[in-house]
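S.K.: My structure is below; once you've seen it, I'll send some questions.
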Amino acid sequence: MEIRPMGIDGALCVLGSEVSDAVNEKVYALKDAVEAADIAAVTECVPGYATLLVRFDPMRMDYRRMTVLLNRLNGSAAAGSRREGRLAEIPVLYGGAYGPDLKEVAQHAGLTQEEVIRIHCSAEYRIYMLGFLPGFPYLGGLDERLHTPRRATPRPLIPAGSVGIGGKQTGVYPMASPGGWQLIGRTPLRLFTPGRPLPYRPGDRIRFVPIDEATFRRMEAEQHER
Amino acid sequence: MSVKVLNAGFVTTIQDRGRQGFAAEGWRACGACDAWAARTANLMAGNDPRAAVVETTAWGLTLCFQEACVTAFSGLSVQGTLRGQDVPMNQPLLAEAGDVLELRILQGLRTYVAVRGGILVPEVLGSRSTDLACGIGGLEGRRLKAGDVLPIGPQSTDDFPKLQRRAALLRRILKMEHPAAGEDACVRVLPGPDIGLFPEEARRAFVSAPYRVGADSNRMGLRLEGQGVIPADGKMDVLSGAVVSGSVQIAASGQPIVMLCDHQTTGGYAQLAVVSPLDLPILAQMKPGGQVRFQWADPSDQLRAYRKRERAWRFGTRLMNGKETA
């Protein structure tokens, strides 16, 4: 592991140089170890694909001492076992008004819309990290056949819950936002509520599950009741 | 108890020190863009540095105090009138019920108004800062507009003369000058985590000439125009990972982008440098078209300077609250 300074109050741990499950596992193993160690001066940990930023209070801690602690923790993290990532199922109503770009994605791939849906639902996508927006998952493992370039002109507003494809990435918009992804469906789950836990965490895997319109409406109504 | 907004000015929001501890879920910190000015306003109003303040951009605002209270404002250079009389920035002020405070920004980009006890909008995830992109925090997650009513706590102004005396004493002990107050806006930077990707010529190029602040600059960051910075093998993309306020990312064009308070939690560009926290307030006051120069600084020096400054701030807060004898 390499550690680099990030300002006067951060230590960036570099666990690898590629997008891979193995490297990403090390990121979360270290994050778990740092959090379990409950170091008073540590203020937060921010994971990336292959890195973990550990921020600290510069009044109580400095970079050099932090690196000593982190190297020690990484040693024990590598040896230990981490908590199992969970599988989160995200129900999706594909196509039609909720997935206006499904047709285009299918055309681009030379597949039928049904085949696109089947392929999209057949994988378990690892959540490498969250960023861009609260709860926005950076997923790995989108089938190459579904890789589709982002739209030339981004939409000014994508509805919350939209499931899309952007280049090699797939994911879901936890809240309404401008964006350039190809929208293939929508989930009735309300993913974004400050203070309420998300249905997934980094290190978990997401599986998309196709639902019909009646189920979508029922689930949407249930969400509003909460 | 409240303060009424008569004229909200431009991009005016409630901010405190920002939302800390939720970046791993994608929550941006937000908070006052100019931490020096926000803290000075709070200090002069007799507040804890965590109190929420009003941040306004570019030209100014007008507030009406519904009850008597202690207030203060700060920025780079701000003209204020209270009850029609000129009042200075960086000092405790006593407003009577019905008094109108009118501020005009003379230099710089942002000014801050603090009221004793802070602006008491509800906290979201432990902070009162407004996240405009997510529509949470502050007052209903949005910019202020005329007619808005800002909640404040019960006020007692009997100790105002004491506050004035303590503030005067503090000004004799501490130098209370905005970091941007000098002639030359020179911003100190530390090596960023991706500096290894950049050869010596690129690192020198970055500090060789001033950059112009581009029009597309805002609370998320400053887009700079000037000397291009190219990494060794032309490789611009790095794996997405955390960025911080002050991170200097080099975009595909070779032009630097500096992250400010509303930055997204992660980025995919190489981070050449990180601005020293002592100089972030300089950037917070830079208008599009402004010029900024960078200089490489030593991390140990900056840490020492930061700790010294922070101890001085804390001393100041204790003094203003009568918990310190000087």
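Ordered as shown in the structure tokens, chains take letters A, B, and onward, while each chain numbers its residues from 1 and ligands are numbered from 1 in the order shown.
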Excluding Ser17 (chain A) and its own-chain neighbours fewer than 3 positions away, which residues fall within 12 Å of it when counting only C-alpha atoms? Please give them as a list in words.
M.R.: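 What passes the distance filter is Met1, Glu2, Cys13, Val14, Ser20, Asp21, Ala22, Val23, Asn24, Lys26, Val27, Gly48, Tyr49, Ala50 and Thr51 of chain A; Asp237, Val238, Leu239, Ser240 and Gly241 of chain B.
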S.K.: Mind checking which residues fall within 8 Å of Ala52 (chain B), counting only C-alpha atoms, ignoring those fewer than 3 positions away in the same chain, and posting them as a list of chain:residue names?
M.R.: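 Final neighbour list, sorted by chain and number: B:Ile14, B:Gln15, B:Asp16, B:Arg17, B:Ala114, B:Gly118, B:Ile119, B:Leu120, B:Arg128, B:Ser129.
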S.K.: For chain A against chain B, which residues fall within 9 Å using only C-alpha atoms, given as an mmCIF file with N, CA and C atoms, in the first residue's frame?
M.R.:
```
data_model
loop_
_atom_site.group_PDB
_atom_site.id
_atom_site.type_symbol
_atom_site.label_atom_id
_atom_site.label_comp_id
_atom_site.auth_asym_id
_atom_site.auth_seq_id
_atom_site.Cartn_x
_atom_site.Cartn_y
_atom_site.Cartn_z
ATOM 1 N N ILE A 3 0.917 5.447 0.579
ATOM 2 C CA ILE A 3 0.124 6.515 1.200
ATOM 3 C C ILE A 3 0.667 7.854 0.717
ATOM 4 N N ARG A 4 -0.230 8.775 0.368
ATOM 5 C CA ARG A 4 0.182 10.101 -0.094
ATOM 6 C C ARG A 4 -0.582 11.159 0.685
ATOM 7 N N PRO A 5 0.054 12.319 0.899
ATOM 8 C CA PRO A 5 -0.653 13.373 1.645
ATOM 9 C C PRO A 5 -1.747 14.017 0.786
ATOM 10 N N MET A 6 -2.815 14.415 1.448
ATOM 11 C CA MET A 6 -3.901 15.152 0.802
ATOM 12 C C MET A 6 -4.125 16.398 1.660
ATOM 13 N N GLY A 7 -3.462 17.480 1.334
ATOM 14 C CA GLY A 7 -3.546 18.669 2.173
ATOM 15 C C GLY A 7 -2.886 18.422 3.519
ATOM 16 N N ILE A 8 -3.231 19.234 4.523
ATOM 17 C CA ILE A 8 -2.615 19.052 5.835
ATOM 18 C C ILE A 8 -3.452 18.147 6.722
ATOM 19 N N ASP A 9 -4.598 17.710 6.221
ATOM 20 C CA ASP A 9 -5.489 16.925 7.082
ATOM 21 C C ASP A 9 -5.993 15.656 6.408
ATOM 22 N N GLY A 10 -5.203 15.117 5.456
ATOM 23 C CA GLY A 10 -5.656 13.903 4.801
ATOM 24 C C GLY A 10 -4.510 12.985 4.412
ATOM 25 N N ALA A 11 -4.772 11.685 4.475
ATOM 26 C CA ALA A 11 -3.809 10.683 4.018
ATOM 27 C C ALA A 11 -4.541 9.801 3.023
ATOM 28 N N LEU A 12 -4.078 9.791 1.780
ATOM 29 C CA LEU A 12 -4.734 8.998 0.745
ATOM 30 C C LEU A 12 -4.013 7.664 0.619
ATOM 31 N N SER A 17 -4.085 -0.126 -8.598
ATOM 32 C CA SER A 17 -4.159 0.830 -9.716
ATOM 33 C C SER A 17 -5.136 0.387 -10.780
ATOM 34 N N GLU A 18 -6.102 -0.463 -10.422
ATOM 35 C CA GLU A 18 -7.053 -0.912 -11.434
ATOM 36 C C GLU A 18 -8.436 -1.040 -10.811
ATOM 37 N N VAL A 19 -9.447 -1.110 -11.668
ATOM 38 C CA VAL A 19 -10.799 -1.374 -11.203
ATOM 39 C C VAL A 19 -10.938 -2.888 -11.100
ATOM 40 N N THR A 43 -11.574 11.930 11.248
ATOM 41 C CA THR A 43 -12.893 12.549 11.069
ATOM 42 C C THR A 43 -13.746 11.817 10.037
ATOM 43 N N GLU A 44 -13.137 11.279 8.999
ATOM 44 C CA GLU A 44 -13.913 10.455 8.084
ATOM 45 C C GLU A 44 -13.037 9.718 7.082
ATOM 46 N N CYS A 45 -13.631 8.687 6.480
ATOM 47 C CA CYS A 45 -12.958 7.882 5.455
ATOM 48 C C CYS A 45 -13.780 7.954 4.181
ATOM 49 N N VAL A 46 -13.133 8.245 3.051
ATOM 50 C CA VAL A 46 -13.846 8.353 1.789
ATOM 51 C C VAL A 46 -13.236 7.381 0.787
ATOM 52 N N PRO A 47 -13.975 6.306 0.456
ATOM 53 C CA PRO A 47 -13.407 5.312 -0.455
ATOM 54 C C PRO A 47 -13.571 5.685 -1.923
ATOM 55 N N GLY A 48 -12.618 5.195 -2.741
ATOM 56 C CA GLY A 48 -12.704 5.314 -4.194
ATOM 57 C C GLY A 48 -12.570 3.926 -4.775
ATOM 58 N N TYR A 49 -12.366 3.830 -6.075
ATOM 59 C CA TYR A 49 -12.202 2.511 -6.705
ATOM 60 C C TYR A 49 -11.045 1.756 -6.061
ATOM 61 N N ALA A 50 -9.924 2.458 -5.905
ATOM 62 C CA ALA A 50 -8.705 1.781 -5.442
ATOM 63 C C ALA A 50 -8.015 2.537 -4.321
ATOM 64 N N THR A 51 -8.699 3.543 -3.790
ATOM 65 C CA THR A 51 -8.071 4.397 -2.779
ATOM 66 C C THR A 51 -9.000 4.601 -1.591
ATOM 67 N N LEU A 52 -8.402 4.982 -0.463
ATOM 68 C CA LEU A 52 -9.188 5.378 0.710
ATOM 69 C C LEU A 52 -8.581 6.654 1.264
ATOM 70 N N LEU A 53 -9.374 7.712 1.301
ATOM 71 C CA LEU A 53 -8.905 8.948 1.922
ATOM 72 C C LEU A 53 -9.283 8.916 3.389
ATOM 73 N N PRO A 58 -6.213 18.172 12.121
ATOM 74 C CA PRO A 58 -4.783 18.519 12.123
ATOM 75 C C PRO A 58 -4.296 19.126 13.442
ATOM 76 N N MET A 59 -5.241 19.441 14.350
ATOM 77 C CA MET A 59 -4.818 19.946 15.657
ATOM 78 C C MET A 59 -4.331 18.799 16.546
ATOM 79 N N ASP A 62 -0.948 14.409 12.807
ATOM 80 C CA ASP A 62 -0.268 14.880 11.600
ATOM 81 C C ASP A 62 -0.106 13.715 10.634
ATOM 82 N N MET A 129 -18.066 2.457 -5.191
ATOM 83 C CA MET A 129 -18.036 3.645 -4.340
ATOM 84 C C MET A 129 -19.315 4.440 -4.586
ATOM 85 N N LEU A 130 -19.549 5.410 -3.736
ATOM 86 C CA LEU A 130 -20.656 6.338 -3.923
ATOM 87 C C LEU A 130 -20.050 7.718 -4.148
ATOM 88 N N GLY A 131 -20.644 8.483 -5.039
ATOM 89 C CA GLY A 131 -20.131 9.827 -5.290
ATOM 90 C C GLY A 131 -21.027 10.539 -6.268
ATOM 91 N N PHE A 132 -20.617 11.726 -6.690
ATOM 92 C CA PHE A 132 -21.375 12.566 -7.632
ATOM 93 C C PHE A 132 -22.630 13.141 -6.977
ATOM 94 N N LEU A 133 -23.474 12.301 -6.447
ATOM 95 C CA LEU A 133 -24.658 12.719 -5.697
ATOM 96 C C LEU A 133 -24.764 11.790 -4.498
ATOM 97 N N PRO A 134 -25.465 12.172 -3.436
ATOM 98 C CA PRO A 134 -25.624 11.245 -2.322
ATOM 99 C C PRO A 134 -26.296 9.958 -2.790
ATOM 100 N N GLY A 135 -25.687 8.821 -2.456
ATOM 101 C CA GLY A 135 -26.267 7.528 -2.794
ATOM 102 C C GLY A 135 -26.072 7.093 -4.225
ATOM 103 N N PHE A 136 -25.364 7.882 -5.050
ATOM 104 C CA PHE A 136 -25.175 7.500 -6.444
ATOM 105 C C PHE A 136 -24.112 6.415 -6.515
ATOM 106 N N PRO A 137 -24.495 5.205 -6.950
ATOM 107 C CA PRO A 137 -23.530 4.102 -6.909
ATOM 108 C C PRO A 137 -22.684 4.031 -8.178
ATOM 109 N N MET A 175 -31.646 10.842 -6.956
ATOM 110 C CA MET A 175 -32.489 12.027 -6.905
ATOM 111 C C MET A 175 -32.503 12.677 -8.280
ATOM 112 N N ALA A 176 -33.460 13.535 -8.495
ATOM 113 C CA ALA A 176 -33.553 14.216 -9.786
ATOM 114 C C ALA A 176 -32.301 15.046 -10.005
ATOM 115 N N SER A 177 -31.809 15.043 -11.205
ATOM 116 C CA SER A 177 -30.546 15.719 -11.489
ATOM 117 C C SER A 177 -30.414 15.899 -12.987
ATOM 118 N N PRO A 194 -32.360 12.028 3.427
ATOM 119 C CA PRO A 194 -31.283 12.314 4.374
ATOM 120 C C PRO A 194 -31.583 11.675 5.724
ATOM 121 N N GLY A 195 -30.611 10.989 6.272
ATOM 122 C CA GLY A 195 -30.792 10.400 7.595
ATOM 123 C C GLY A 195 -31.350 8.986 7.558
ATOM 124 N N LEU A 198 -29.583 4.005 3.057
ATOM 125 C CA LEU A 198 -29.800 3.571 1.674
ATOM 126 C C LEU A 198 -30.030 2.065 1.656
ATOM 127 N N ARG A 201 -24.870 -0.380 0.382
ATOM 128 C CA ARG A 201 -23.662 0.312 0.836
ATOM 129 C C ARG A 201 -22.545 -0.032 -0.125
ATOM 130 N N PRO A 202 -21.511 0.786 -0.191
ATOM 131 C CA PRO A 202 -20.369 0.398 -1.017
ATOM 132 C C PRO A 202 -19.841 -0.935 -0.547
#
```
S.K.: At what distance in Å, to one decimal, does CA of Arg86 (chain A) lie from CA of Glu220 (chain A)?
M.R.: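 Atom-to-atom, CA of Glu220 (chain A) to CA of Arg86 (chain A), that is 23.4 Å.
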S.K.: Write out as an MDAnalysis selection string the set of residues from region 58-108 of chain A that DSSP, computed on the backbone, places in strand (DSSP E or B).
M.R.: chainID A and resid 87:94
S.K.: Mind dumping the selected residues with all heavy atoms as a short mmCIF file (atom, residue, chain, number, x, y, z; two decimals), in the first residue's frame?
M.R.:
```
data_model
loop_
_atom_site.label_atom_id
_atom_site.label_comp_id
_atom_site.auth_asym_id
_atom_site.auth_seq_id
_atom_site.Cartn_x
_atom_site.Cartn_y
_atom_site.Cartn_z
N LEU A 87 -26.36 -8.41 -0.99
CA LEU A 87 -26.94 -8.25 -2.31
C LEU A 87 -28.20 -7.43 -2.16
O LEU A 87 -29.11 -7.79 -1.42
CB LEU A 87 -27.25 -9.62 -2.92
CG LEU A 87 -27.90 -9.60 -4.30
CD1 LEU A 87 -26.93 -9.02 -5.33
CD2 LEU A 87 -28.34 -11.00 -4.71
N ALA A 88 -28.25 -6.29 -2.85
CA ALA A 88 -29.45 -5.44 -2.80
C ALA A 88 -30.18 -5.59 -4.12
O ALA A 88 -29.57 -5.44 -5.18
CB ALA A 88 -29.05 -3.99 -2.58
N GLU A 89 -31.45 -5.87 -4.05
CA GLU A 89 -32.23 -6.01 -5.28
C GLU A 89 -32.98 -4.72 -5.54
O GLU A 89 -33.67 -4.20 -4.66
CB GLU A 89 -33.21 -7.18 -5.14
CG GLU A 89 -32.49 -8.52 -5.08
CD GLU A 89 -33.41 -9.69 -5.42
OE1 GLU A 89 -34.63 -9.55 -5.22
OE2 GLU A 89 -32.90 -10.71 -5.89
N ILE A 90 -32.81 -4.19 -6.72
CA ILE A 90 -33.47 -2.94 -7.10
C ILE A 90 -34.52 -3.27 -8.15
O ILE A 90 -34.18 -3.67 -9.27
CB ILE A 90 -32.46 -1.93 -7.69
CG1 ILE A 90 -31.27 -1.71 -6.76
CG2 ILE A 90 -33.15 -0.62 -8.04
CD1 ILE A 90 -31.51 -0.82 -5.58
N PRO A 91 -35.80 -3.15 -7.80
CA PRO A 91 -36.86 -3.41 -8.79
C PRO A 91 -36.89 -2.30 -9.84
O PRO A 91 -36.77 -1.13 -9.49
CB PRO A 91 -38.14 -3.39 -7.94
CG PRO A 91 -37.80 -2.56 -6.75
CD PRO A 91 -36.32 -2.69 -6.52
N VAL A 92 -37.03 -2.68 -11.10
CA VAL A 92 -37.01 -1.68 -12.18
C VAL A 92 -38.13 -1.95 -13.17
O VAL A 92 -38.32 -3.08 -13.63
CB VAL A 92 -35.66 -1.73 -12.95
CG1 VAL A 92 -35.63 -0.68 -14.06
CG2 VAL A 92 -34.48 -1.55 -12.00
N LEU A 93 -38.86 -0.88 -13.49
CA LEU A 93 -39.82 -0.94 -14.59
C LEU A 93 -39.06 -0.44 -15.82
O LEU A 93 -38.67 0.72 -15.89
CB LEU A 93 -41.03 -0.05 -14.28
CG LEU A 93 -42.08 0.10 -15.39
CD1 LEU A 93 -42.62 -1.26 -15.83
CD2 LEU A 93 -43.23 0.98 -14.92
N TYR A 94 -38.82 -1.36 -16.75
CA TYR A 94 -37.98 -1.03 -17.90
C TYR A 94 -38.81 -0.46 -19.05
O TYR A 94 -39.96 -0.86 -19.26
CB TYR A 94 -37.25 -2.28 -18.40
CG TYR A 94 -36.05 -2.68 -17.58
CD1 TYR A 94 -36.17 -3.63 -16.57
CD2 TYR A 94 -34.79 -2.11 -17.82
CE1 TYR A 94 -35.06 -4.00 -15.81
CE2 TYR A 94 -33.68 -2.47 -17.06
CZ TYR A 94 -33.82 -3.42 -16.06
OH TYR A 94 -32.73 -3.79 -15.31
#
```
S.K.: Skipping near chain neighbours, those fewer than 6 positions away, what residues fall within 9 Å of Ala95 (chain B) using only C-alpha atoms, listed as a ChimeraX atom specification?
M.R.: /B:65,67-71,82-83,101
